[in-house]
>>> print(open('model_10.txt').read())   # compact mmCIF, C-alpha atoms
# COMPACT_ATOMS: atom_id res chain seq x y z
CA MET A 1 -23.94 -20.22 -11.94
CA ALA A 2 -22.79 -19.46 -8.39
CA ASN A 3 -25.84 -21.21 -6.90
CA GLN A 4 -25.23 -24.24 -9.10
CA ALA A 5 -21.56 -24.40 -8.03
CA ALA A 6 -22.55 -24.11 -4.37
CA GLU A 7 -25.11 -26.88 -4.77
CA GLU A 8 -22.50 -29.17 -6.36
CA VAL A 9 -20.06 -28.47 -3.50
CA LEU A 10 -22.73 -29.28 -0.91
CA LEU A 11 -23.55 -32.48 -2.74
CA ASP A 12 -19.87 -33.49 -2.78
CA VAL A 13 -19.59 -32.86 0.99
CA ARG A 14 -22.68 -34.96 1.62
CA VAL A 15 -21.24 -37.81 -0.41
CA ALA A 16 -17.84 -37.53 1.25
CA GLU A 17 -19.40 -37.86 4.71
CA ALA A 18 -21.69 -40.74 3.77
CA SER A 19 -21.12 -44.39 4.61
CA LYS A 20 -19.47 -46.75 2.13
CA LEU A 21 -22.77 -48.47 1.46
CA TYR A 22 -24.50 -45.18 0.66
CA LYS A 23 -21.58 -44.09 -1.55
CA PHE A 24 -21.88 -47.36 -3.46
CA TYR A 25 -25.61 -46.75 -3.88
CA LEU A 26 -25.07 -43.20 -5.16
CA ASN A 27 -22.43 -44.36 -7.64
CA GLN A 28 -24.56 -47.25 -8.89
CA GLU A 29 -28.03 -45.75 -8.37
CA ARG A 30 -29.10 -46.05 -12.00
CA LYS A 31 -28.07 -49.70 -12.25
CA ILE A 32 -29.55 -50.63 -8.86
CA LEU A 33 -32.94 -49.03 -9.46
CA GLY A 34 -33.08 -50.36 -13.02
CA THR A 35 -32.21 -53.90 -11.90
CA ILE A 36 -34.78 -53.84 -9.11
CA SER A 37 -37.56 -52.62 -11.40
CA VAL A 38 -36.77 -55.28 -14.03
CA ALA A 39 -36.58 -58.01 -11.37
CA ILE A 40 -39.96 -57.04 -9.93
CA PHE A 41 -41.51 -56.97 -13.39
CA LEU A 42 -40.13 -60.44 -14.26
CA LEU A 43 -41.22 -61.85 -10.90
CA VAL A 44 -44.79 -60.60 -11.30
CA TRP A 45 -44.88 -61.85 -14.89
CA GLU A 46 -43.63 -65.30 -13.81
CA LEU A 47 -46.19 -65.54 -11.01
CA VAL A 48 -49.07 -64.47 -13.23
CA GLY A 49 -48.07 -66.42 -16.34
CA ASN A 50 -46.61 -69.64 -14.95
CA THR A 51 -46.74 -70.17 -11.17
CA PHE A 52 -50.40 -69.34 -10.58
CA GLN A 53 -51.38 -69.46 -14.27
CA LEU A 54 -53.82 -66.59 -13.90
CA ILE A 55 -53.51 -66.19 -17.67
CA ASN A 56 -53.31 -69.08 -20.13
CA PRO A 57 -49.57 -69.51 -21.04
CA MET A 58 -50.62 -69.87 -24.69
CA PHE A 59 -51.64 -66.20 -24.63
CA MET A 60 -49.13 -64.73 -22.17
CA SER A 61 -46.23 -67.16 -21.61
CA ALA A 62 -43.75 -66.46 -18.77
CA PRO A 63 -40.04 -65.58 -18.36
CA SER A 64 -39.06 -69.19 -17.59
CA LEU A 65 -40.91 -70.50 -20.65
CA VAL A 66 -39.44 -67.78 -22.86
CA PHE A 67 -35.96 -68.61 -21.56
CA LYS A 68 -36.43 -72.31 -22.33
CA ALA A 69 -37.67 -71.49 -25.82
CA GLY A 70 -34.69 -69.20 -26.41
CA VAL A 71 -32.21 -71.84 -25.25
CA GLN A 72 -33.87 -74.42 -27.51
CA LEU A 73 -33.76 -72.09 -30.54
CA PHE A 74 -30.09 -71.25 -30.06
CA THR A 75 -28.88 -74.76 -29.18
CA SER A 76 -30.72 -76.33 -32.11
CA GLY A 77 -29.34 -73.68 -34.48
CA GLU A 78 -32.83 -72.90 -35.75
CA ILE A 79 -32.52 -69.18 -35.09
CA TRP A 80 -29.04 -68.46 -36.43
CA ASN A 81 -30.08 -68.06 -40.06
CA ASP A 82 -32.94 -65.77 -39.02
CA LEU A 83 -30.51 -63.63 -37.01
CA TYR A 84 -28.10 -63.45 -39.93
CA VAL A 85 -30.80 -62.43 -42.43
CA SER A 86 -32.30 -59.77 -40.17
CA GLY A 87 -28.85 -58.50 -39.20
CA VAL A 88 -27.79 -58.05 -42.82
CA GLU A 89 -31.04 -56.29 -43.68
CA PHE A 90 -30.78 -53.99 -40.67
CA ALA A 91 -27.12 -53.12 -41.27
CA TRP A 92 -27.61 -52.24 -44.94
CA GLY A 93 -30.78 -50.23 -44.36
CA TYR A 94 -29.46 -48.37 -41.32
CA PHE A 95 -26.06 -47.45 -42.73
CA LEU A 96 -27.50 -46.43 -46.10
CA SER A 97 -29.84 -44.09 -44.24
CA ILE A 98 -26.83 -42.57 -42.44
CA ALA A 99 -24.93 -42.13 -45.71
CA VAL A 100 -27.90 -40.30 -47.29
CA ALA A 101 -29.53 -38.47 -44.38
CA ILE A 102 -26.56 -36.70 -42.80
CA PRO A 103 -25.12 -34.96 -45.89
CA PHE A 104 -28.59 -34.29 -47.31
CA GLY A 105 -29.86 -32.90 -44.00
CA ILE A 106 -26.81 -30.64 -43.71
CA ALA A 107 -27.39 -29.39 -47.26
CA ILE A 108 -31.05 -28.60 -46.57
CA GLY A 109 -30.22 -26.82 -43.34
CA TRP A 110 -27.25 -24.85 -44.72
CA TYR A 111 -28.43 -23.87 -48.20
CA THR A 112 -31.68 -21.89 -48.26
CA LYS A 113 -32.54 -22.69 -51.87
CA VAL A 114 -32.11 -26.42 -51.26
CA ALA A 115 -34.47 -26.10 -48.30
CA TYR A 116 -37.05 -24.28 -50.44
CA ILE A 117 -36.93 -27.10 -53.00
CA CYS A 118 -36.78 -30.12 -50.69
CA ASP A 119 -38.59 -29.23 -47.45
CA THR A 120 -42.05 -29.97 -48.84
CA PHE A 121 -41.04 -33.44 -50.02
CA VAL A 122 -39.17 -34.27 -46.81
CA ASN A 123 -42.07 -33.24 -44.57
CA ALA A 124 -44.59 -35.09 -46.77
CA MET A 125 -42.56 -38.31 -46.77
CA ASN A 126 -41.96 -38.08 -43.04
CA ALA A 127 -45.72 -37.84 -42.45
CA THR A 128 -46.45 -40.78 -44.78
CA PRO A 129 -46.66 -44.18 -43.01
CA ARG A 130 -43.87 -46.33 -44.37
CA VAL A 131 -46.15 -49.38 -44.24
CA ALA A 132 -48.28 -47.78 -46.95
CA LEU A 133 -45.25 -47.77 -49.25
CA LEU A 134 -44.42 -51.44 -48.69
CA PRO A 135 -46.48 -52.77 -51.65
CA LEU A 136 -44.71 -50.31 -53.95
CA VAL A 137 -41.31 -51.22 -52.52
CA ILE A 138 -42.01 -54.91 -53.14
CA ILE A 139 -43.17 -54.16 -56.71
CA TRP A 140 -40.04 -52.13 -57.40
CA LEU A 141 -37.44 -54.24 -55.55
CA GLY A 142 -39.00 -57.71 -55.44
CA ILE A 143 -39.50 -59.97 -52.43
CA GLY A 144 -35.80 -60.52 -51.75
CA ILE A 145 -33.49 -58.71 -49.38
CA LEU A 146 -33.58 -55.46 -51.38
CA SER A 147 -37.21 -54.76 -50.49
CA LYS A 148 -36.44 -55.24 -46.77
CA VAL A 149 -33.44 -52.93 -47.02
CA GLY A 150 -35.62 -50.41 -48.83
CA ILE A 151 -38.33 -50.31 -46.17
CA ILE A 152 -35.71 -50.14 -43.37
CA PHE A 153 -34.00 -47.29 -45.20
CA LEU A 154 -37.27 -45.40 -45.59
CA GLY A 155 -38.06 -45.86 -41.91
CA ALA A 156 -34.67 -44.70 -40.63
CA VAL A 157 -33.68 -41.96 -43.06
CA PHE A 158 -36.26 -39.28 -42.25
CA PRO A 159 -35.82 -38.98 -38.44
CA LEU A 160 -32.09 -38.64 -38.98
CA LEU A 161 -32.46 -36.24 -41.89
CA ILE A 162 -34.89 -33.96 -40.05
CA ASN A 163 -32.78 -33.90 -36.88
CA THR A 164 -29.69 -33.03 -38.91
CA ARG A 165 -31.54 -30.29 -40.81
CA ASP A 166 -32.96 -28.77 -37.65
CA GLY A 167 -29.59 -29.02 -35.93
CA VAL A 168 -28.03 -26.86 -38.62
CA LYS A 169 -30.91 -24.37 -38.51
CA THR A 170 -30.78 -24.01 -34.71
CA THR A 171 -27.10 -23.07 -34.56
CA PRO A 172 -26.87 -20.23 -31.97
CA ALA A 173 -27.01 -16.87 -33.75
CA ASN A 174 -24.47 -15.28 -31.38
CA LEU A 175 -21.86 -17.85 -32.41
CA LEU A 176 -22.46 -17.13 -36.09
CA THR A 177 -22.25 -13.39 -35.47
CA ALA A 178 -19.03 -13.75 -33.50
CA ALA A 179 -17.44 -15.89 -36.21
CA ARG A 180 -18.40 -13.44 -38.96
CA SER A 181 -17.16 -10.48 -36.92
CA PHE A 182 -13.72 -12.09 -36.84
CA GLY A 183 -13.76 -12.42 -40.62
CA ALA A 184 -14.35 -16.17 -40.85
CA SER A 185 -15.27 -17.52 -44.27
CA GLU A 186 -18.48 -19.48 -44.84
CA TRP A 187 -16.51 -22.74 -44.91
CA GLN A 188 -14.75 -21.87 -41.64
CA ILE A 189 -18.09 -20.99 -40.03
CA PHE A 190 -19.59 -24.26 -41.19
CA LYS A 191 -16.62 -26.36 -40.08
CA THR A 192 -15.96 -24.75 -36.70
CA VAL A 193 -19.41 -23.54 -35.60
CA VAL A 194 -22.30 -25.14 -37.47
CA LEU A 195 -21.04 -28.72 -37.69
CA PRO A 196 -20.00 -29.06 -34.01
CA SER A 197 -23.32 -27.61 -32.83
CA THR A 198 -25.18 -30.05 -35.10
CA VAL A 199 -23.44 -33.19 -33.81
CA PRO A 200 -25.76 -33.69 -30.77
CA PHE A 201 -28.78 -33.44 -33.08
CA ILE A 202 -27.24 -35.98 -35.45
CA LEU A 203 -26.65 -38.39 -32.57
CA THR A 204 -30.25 -37.93 -31.41
CA GLY A 205 -31.36 -38.71 -34.96
CA LEU A 206 -29.21 -41.84 -34.98
CA ARG A 207 -30.90 -43.00 -31.78
CA LEU A 208 -34.37 -42.42 -33.21
CA ALA A 209 -33.38 -44.10 -36.46
CA VAL A 210 -32.47 -47.31 -34.61
CA GLY A 211 -36.06 -47.79 -33.46
CA ARG A 212 -37.48 -46.95 -36.89
CA ALA A 213 -35.05 -49.33 -38.58
CA LEU A 214 -36.01 -52.20 -36.26
CA ILE A 215 -39.66 -51.51 -37.01
CA GLY A 216 -38.75 -51.68 -40.69
CA VAL A 217 -37.14 -55.10 -40.18
CA MET A 218 -40.30 -56.41 -38.55
CA VAL A 219 -42.69 -54.89 -41.09
CA GLY A 220 -40.62 -55.97 -44.09
CA GLU A 221 -40.36 -59.55 -42.91
CA LEU A 222 -44.02 -59.62 -41.88
CA TYR A 223 -45.28 -59.20 -45.45
CA ALA A 224 -42.77 -60.86 -47.75
CA ALA A 225 -40.02 -63.03 -46.28
CA THR A 226 -38.91 -66.62 -45.91
CA ALA A 227 -36.40 -65.99 -43.11
CA GLY A 228 -35.58 -63.45 -40.43
CA ILE A 229 -36.63 -62.69 -36.86
CA GLY A 230 -39.78 -60.94 -38.06
CA PHE A 231 -40.68 -63.99 -40.14
CA MET A 232 -40.03 -66.24 -37.12
CA ILE A 233 -42.36 -64.08 -35.00
CA THR A 234 -45.06 -64.24 -37.68
CA VAL A 235 -44.91 -68.03 -37.95
CA ALA A 236 -44.78 -68.50 -34.18
CA GLY A 237 -47.76 -66.21 -33.68
CA ALA A 238 -49.79 -68.03 -36.33
CA THR A 239 -49.12 -71.35 -34.55
CA PHE A 240 -49.73 -69.98 -31.01
CA GLN A 241 -46.10 -70.46 -29.92
CA THR A 242 -46.18 -67.44 -27.64
CA ASP A 243 -42.84 -68.19 -26.02
CA LYS A 244 -41.08 -68.06 -29.42
CA VAL A 245 -42.86 -64.79 -30.19
CA PHE A 246 -41.45 -63.28 -26.99
CA VAL A 247 -37.97 -64.55 -27.90
CA GLY A 248 -38.15 -62.61 -31.16
CA VAL A 249 -39.55 -59.53 -29.44
CA LEU A 250 -36.76 -59.65 -26.85
CA ILE A 251 -34.14 -59.88 -29.61
CA PHE A 252 -35.52 -56.70 -31.15
CA ALA A 253 -35.69 -55.00 -27.75
CA ILE A 254 -32.17 -55.98 -26.68
CA THR A 255 -30.72 -54.94 -30.06
CA GLY A 256 -32.38 -51.55 -29.78
CA MET A 257 -31.24 -51.09 -26.17
CA VAL A 258 -27.62 -51.99 -26.94
CA MET A 259 -27.39 -49.74 -30.00
CA THR A 260 -29.11 -46.87 -28.18
CA ASP A 261 -26.71 -47.22 -25.24
CA VAL A 262 -23.71 -47.15 -27.59
CA ILE A 263 -25.01 -43.97 -29.24
CA ASP A 264 -25.77 -42.44 -25.82
CA ARG A 265 -22.19 -42.99 -24.74
CA TYR A 266 -20.93 -41.08 -27.75
CA GLU A 267 -23.57 -38.39 -27.28
CA HIS A 268 -22.41 -37.70 -23.72
CA ARG A 269 -19.03 -36.70 -25.13
CA PHE A 270 -20.67 -33.84 -27.04
CA ASP A 271 -23.32 -32.59 -24.60
CA LYS A 272 -21.30 -31.82 -21.48
CA TRP A 273 -22.36 -28.19 -21.88
CA ARG A 274 -26.01 -29.11 -21.36
CA PRO A 275 -27.38 -28.49 -17.84
CA LYS A 276 -28.71 -31.44 -15.88
CA VAL A 277 -32.50 -31.08 -15.88
CA GLY A 278 -34.85 -33.03 -13.62
CA ALA A 279 -35.69 -33.62 -9.99
CA GLU A 280 -33.37 -35.50 -7.71
>>> encode(input="model_10.txt", output="structure tokens")
Amino acid sequence: MANQAAEEVLLDVRVAEASKLYKFYLNQERKILGTISVAIFLLVWELVGNTFQLINPMFMSAPSLVFKAGVQLFTSGEIWNDLYVSGVEFAWGYFLSIAVAIPFGIAIGWYTKVAYICDTFVNAMNATPRVALLPLVIIWLGIGILSKVGIIFLGAVFPLLINTRDGVKTTPANLLTAARSFGASEWQIFKTVVLPSTVPFILTGLRLAVGRALIGVMVGELYAATAGIGFMITVAGATFQTDKVFVGVLIFAITGMVMTDVIDRYEHRFDKWRPKVGAE
């Protein structure tokens, strides 16, 4: 601890004596390096796909072509209904998974008998590809929005459930011992020790569930849909409209990035105790 404190003091002195430009770089290092890397990637992609046409644009497209396609889709209003349909499906599937996974995961982690009964089924379903269940989901729920919500729910619920369960089970033993030594009841231990230590695991599960839910949107609309971003990507790919395919892919990517960043911001409020790991 003393070495870490000394290192932080030395770092603060170095920053204090640095120039304004270097201070700005240190404060914005993540944004600067991220922006540069993205800019280089887009530049190379544009040169390869459009300027020099080293690859046929029908197969690769380019940032400028994708941008034009996106502007055309939004200005014509063609994409708005697809966004609405996919957004509704994602919201219902994702929030239903939260409503089920968190309390169920806490119950499995906290109650031993519930874990004995349910662990086998949870682990088996987590290992089962959700795509394999899609025909059954369509048979049970039809080809409407319910089947898409069902496959999104199945994709998102298990990462969150397992993270919540493991978060409860990995509560530090010394904290439990200290709470019991002071005469705390089981409810007090759960409320003041187990639940707070599980919150970072729940937030990690929420972040993983975002990606699984977006995959569920794409898979559900790939097989049985008449609208949605996944359906738009399928139609565009079948007609070799590569630029429209990239528009849909970027929508999925940006949605995932924004939601993950929002969850990360909340997670940082609960993990200040964690040491910073990694090279400078």
>>> atom_distance(input="model_10.txt", atom1="atom CA of A:Asp243", atom2="atom CA of A:Val262")
28.5 Å
>>> residues_around(input="model_10.txt", residues="A:Val249", least_positions_apart="3", cutoff="12 Å", atoms="only C-alpha atoms", output="mmCIF file with C-alpha atoms, in the coordinates of the input")
data_model
loop_
_atom_site.group_PDB
_atom_site.id
_atom_site.type_symbol
_atom_site.label_atom_id
_atom_site.label_comp_id
_atom_site.auth_asym_id
_atom_site.auth_seq_id
_atom_site.Cartn_x
_atom_site.Cartn_y
_atom_site.Cartn_z
ATOM 1 C CA VAL A 66 -39.440 -67.780 -22.860
ATOM 2 C CA GLY A 70 -34.690 -69.200 -26.410
ATOM 3 C CA LEU A 214 -36.010 -52.200 -36.260
ATOM 4 C CA ILE A 215 -39.660 -51.510 -37.010
ATOM 5 C CA VAL A 217 -37.140 -55.100 -40.180
ATOM 6 C CA MET A 218 -40.300 -56.410 -38.550
ATOM 7 C CA ILE A 229 -36.630 -62.690 -36.860
ATOM 8 C CA GLY A 230 -39.780 -60.940 -38.060
ATOM 9 C CA PHE A 231 -40.680 -63.990 -40.140
ATOM 10 C CA MET A 232 -40.030 -66.240 -37.120
ATOM 11 C CA ILE A 233 -42.360 -64.080 -35.000
ATOM 12 C CA THR A 234 -45.060 -64.240 -37.680
ATOM 13 C CA ALA A 236 -44.780 -68.500 -34.180
ATOM 14 C CA GLY A 237 -47.760 -66.210 -33.680
ATOM 15 C CA THR A 242 -46.180 -67.440 -27.640
ATOM 16 C CA ASP A 243 -42.840 -68.190 -26.020
ATOM 17 C CA LYS A 244 -41.080 -68.060 -29.420
ATOM 18 C CA VAL A 245 -42.860 -64.790 -30.190
ATOM 19 C CA PHE A 246 -41.450 -63.280 -26.990
ATOM 20 C CA PHE A 252 -35.520 -56.700 -31.150
ATOM 21 C CA ALA A 253 -35.690 -55.000 -27.750
ATOM 22 C CA ILE A 254 -32.170 -55.980 -26.680
ATOM 23 C CA THR A 255 -30.720 -54.940 -30.060
ATOM 24 C CA GLY A 256 -32.380 -51.550 -29.780
#
>>> closest_residue(input="model_10.txt", among="A:Lys191, A:His268, A:Lys31, A:Arg212", to="A:Leu154", atoms="all atoms listed in the file")
A:Arg212
>>> residues_around(input="model_10.txt", residues="A:Val194", least_positions_apart="4", cutoff="7 Å", atoms="all atoms listed in the file", output="ChimeraX atom specification")
/A:168,171,189-190,198
>>> residues_near_point(input="model_10.txt", point="(-30.7, -44.1, -25.5)", cutoff="10 Å", atoms="all atoms listed in the file", output="VMD selection string")
chain A and resid 203 to 204 206 to 208 210 256 to 265 267
>>> write_last_selection(input="model_10.txt", atoms="C-alpha atoms", output="tab-separated table (two decimals), in the frame of the given file")
chain	number	residue	atom	x	y	z
A	203	LEU	CA	-26.65	-38.39	-32.57
A	204	THR	CA	-30.25	-37.93	-31.41
A	206	LEU	CA	-29.21	-41.84	-34.98
A	207	ARG	CA	-30.90	-43.00	-31.78
A	208	LEU	CA	-34.37	-42.42	-33.21
A	210	VAL	CA	-32.47	-47.31	-34.61
A	256	GLY	CA	-32.38	-51.55	-29.78
A	257	MET	CA	-31.24	-51.09	-26.17
A	258	VAL	CA	-27.62	-51.99	-26.94
A	259	MET	CA	-27.39	-49.74	-30.00
A	260	THR	CA	-29.11	-46.87	-28.18
A	261	ASP	CA	-26.71	-47.22	-25.24
A	262	VAL	CA	-23.71	-47.15	-27.59
A	263	ILE	CA	-25.01	-43.97	-29.24
A	264	ASP	CA	-25.77	-42.44	-25.82
A	265	ARG	CA	-22.19	-42.99	-24.74
A	267	GLU	CA	-23.57	-38.39	-27.28
>>> atom_distance(input="model_10.txt", atom1="atom CA of A:Thr192", atom2="atom CA of A:Gly105")
17.7 Å
>>> closest_residue(input="model_10.txt", among="A:Gly228, A:Pro103, A:Gly155, A:Pro135", to="A:Leu195", atoms="all atoms listed in the file")
A:Pro103
>>> residues_around(input="model_10.txt", residues="A:Lys169", least_positions_apart="4", cutoff="8 Å", atoms="all atoms listed in the file", output="PyMOL selection string")
chain A and resi 109-110+165
>>> residues_near_point(input="model_10.txt", point="(-28.1, -45.7, -43.6)", cutoff="10 Å", atoms="only C-alpha atoms", output="list of chain:residue names")
A:Phe90, A:Ala91, A:Trp92, A:Gly93, A:Tyr94, A:Phe95, A:Leu96, A:Ser97, A:Ile98, A:Ala99, A:Val100, A:Ala101, A:Ile102, A:Val149, A:Ile152, A:Phe153, A:Leu154, A:Ala156, A:Val157, A:Leu160, A:Leu206, A:Ala209, A:Ala213
>>> atom_distance(input="model_10.txt", atom1="atom CA of A:Ile151", atom2="atom CA of A:Val131")
8.1 Å
>>> closest_residue(input="model_10.txt", among="A:Ala227, A:Ile106, A:Val219, A:Ile145", to="A:Ser197", atoms="all atoms listed in the file")
A:Ile106
>>> closest_residue(input="model_10.txt", among="A:Tyr25, A:Thr128, A:Ser64, A:Met58", to="A:Thr239", atoms="all atoms listed in the file")
A:Met58
>>> closest_residue(input="model_10.txt", among="A:Ile117, A:Ala179, A:Val71, A:Ile202", to="A:Ile162", atoms="all atoms listed in the file")
A:Ile202
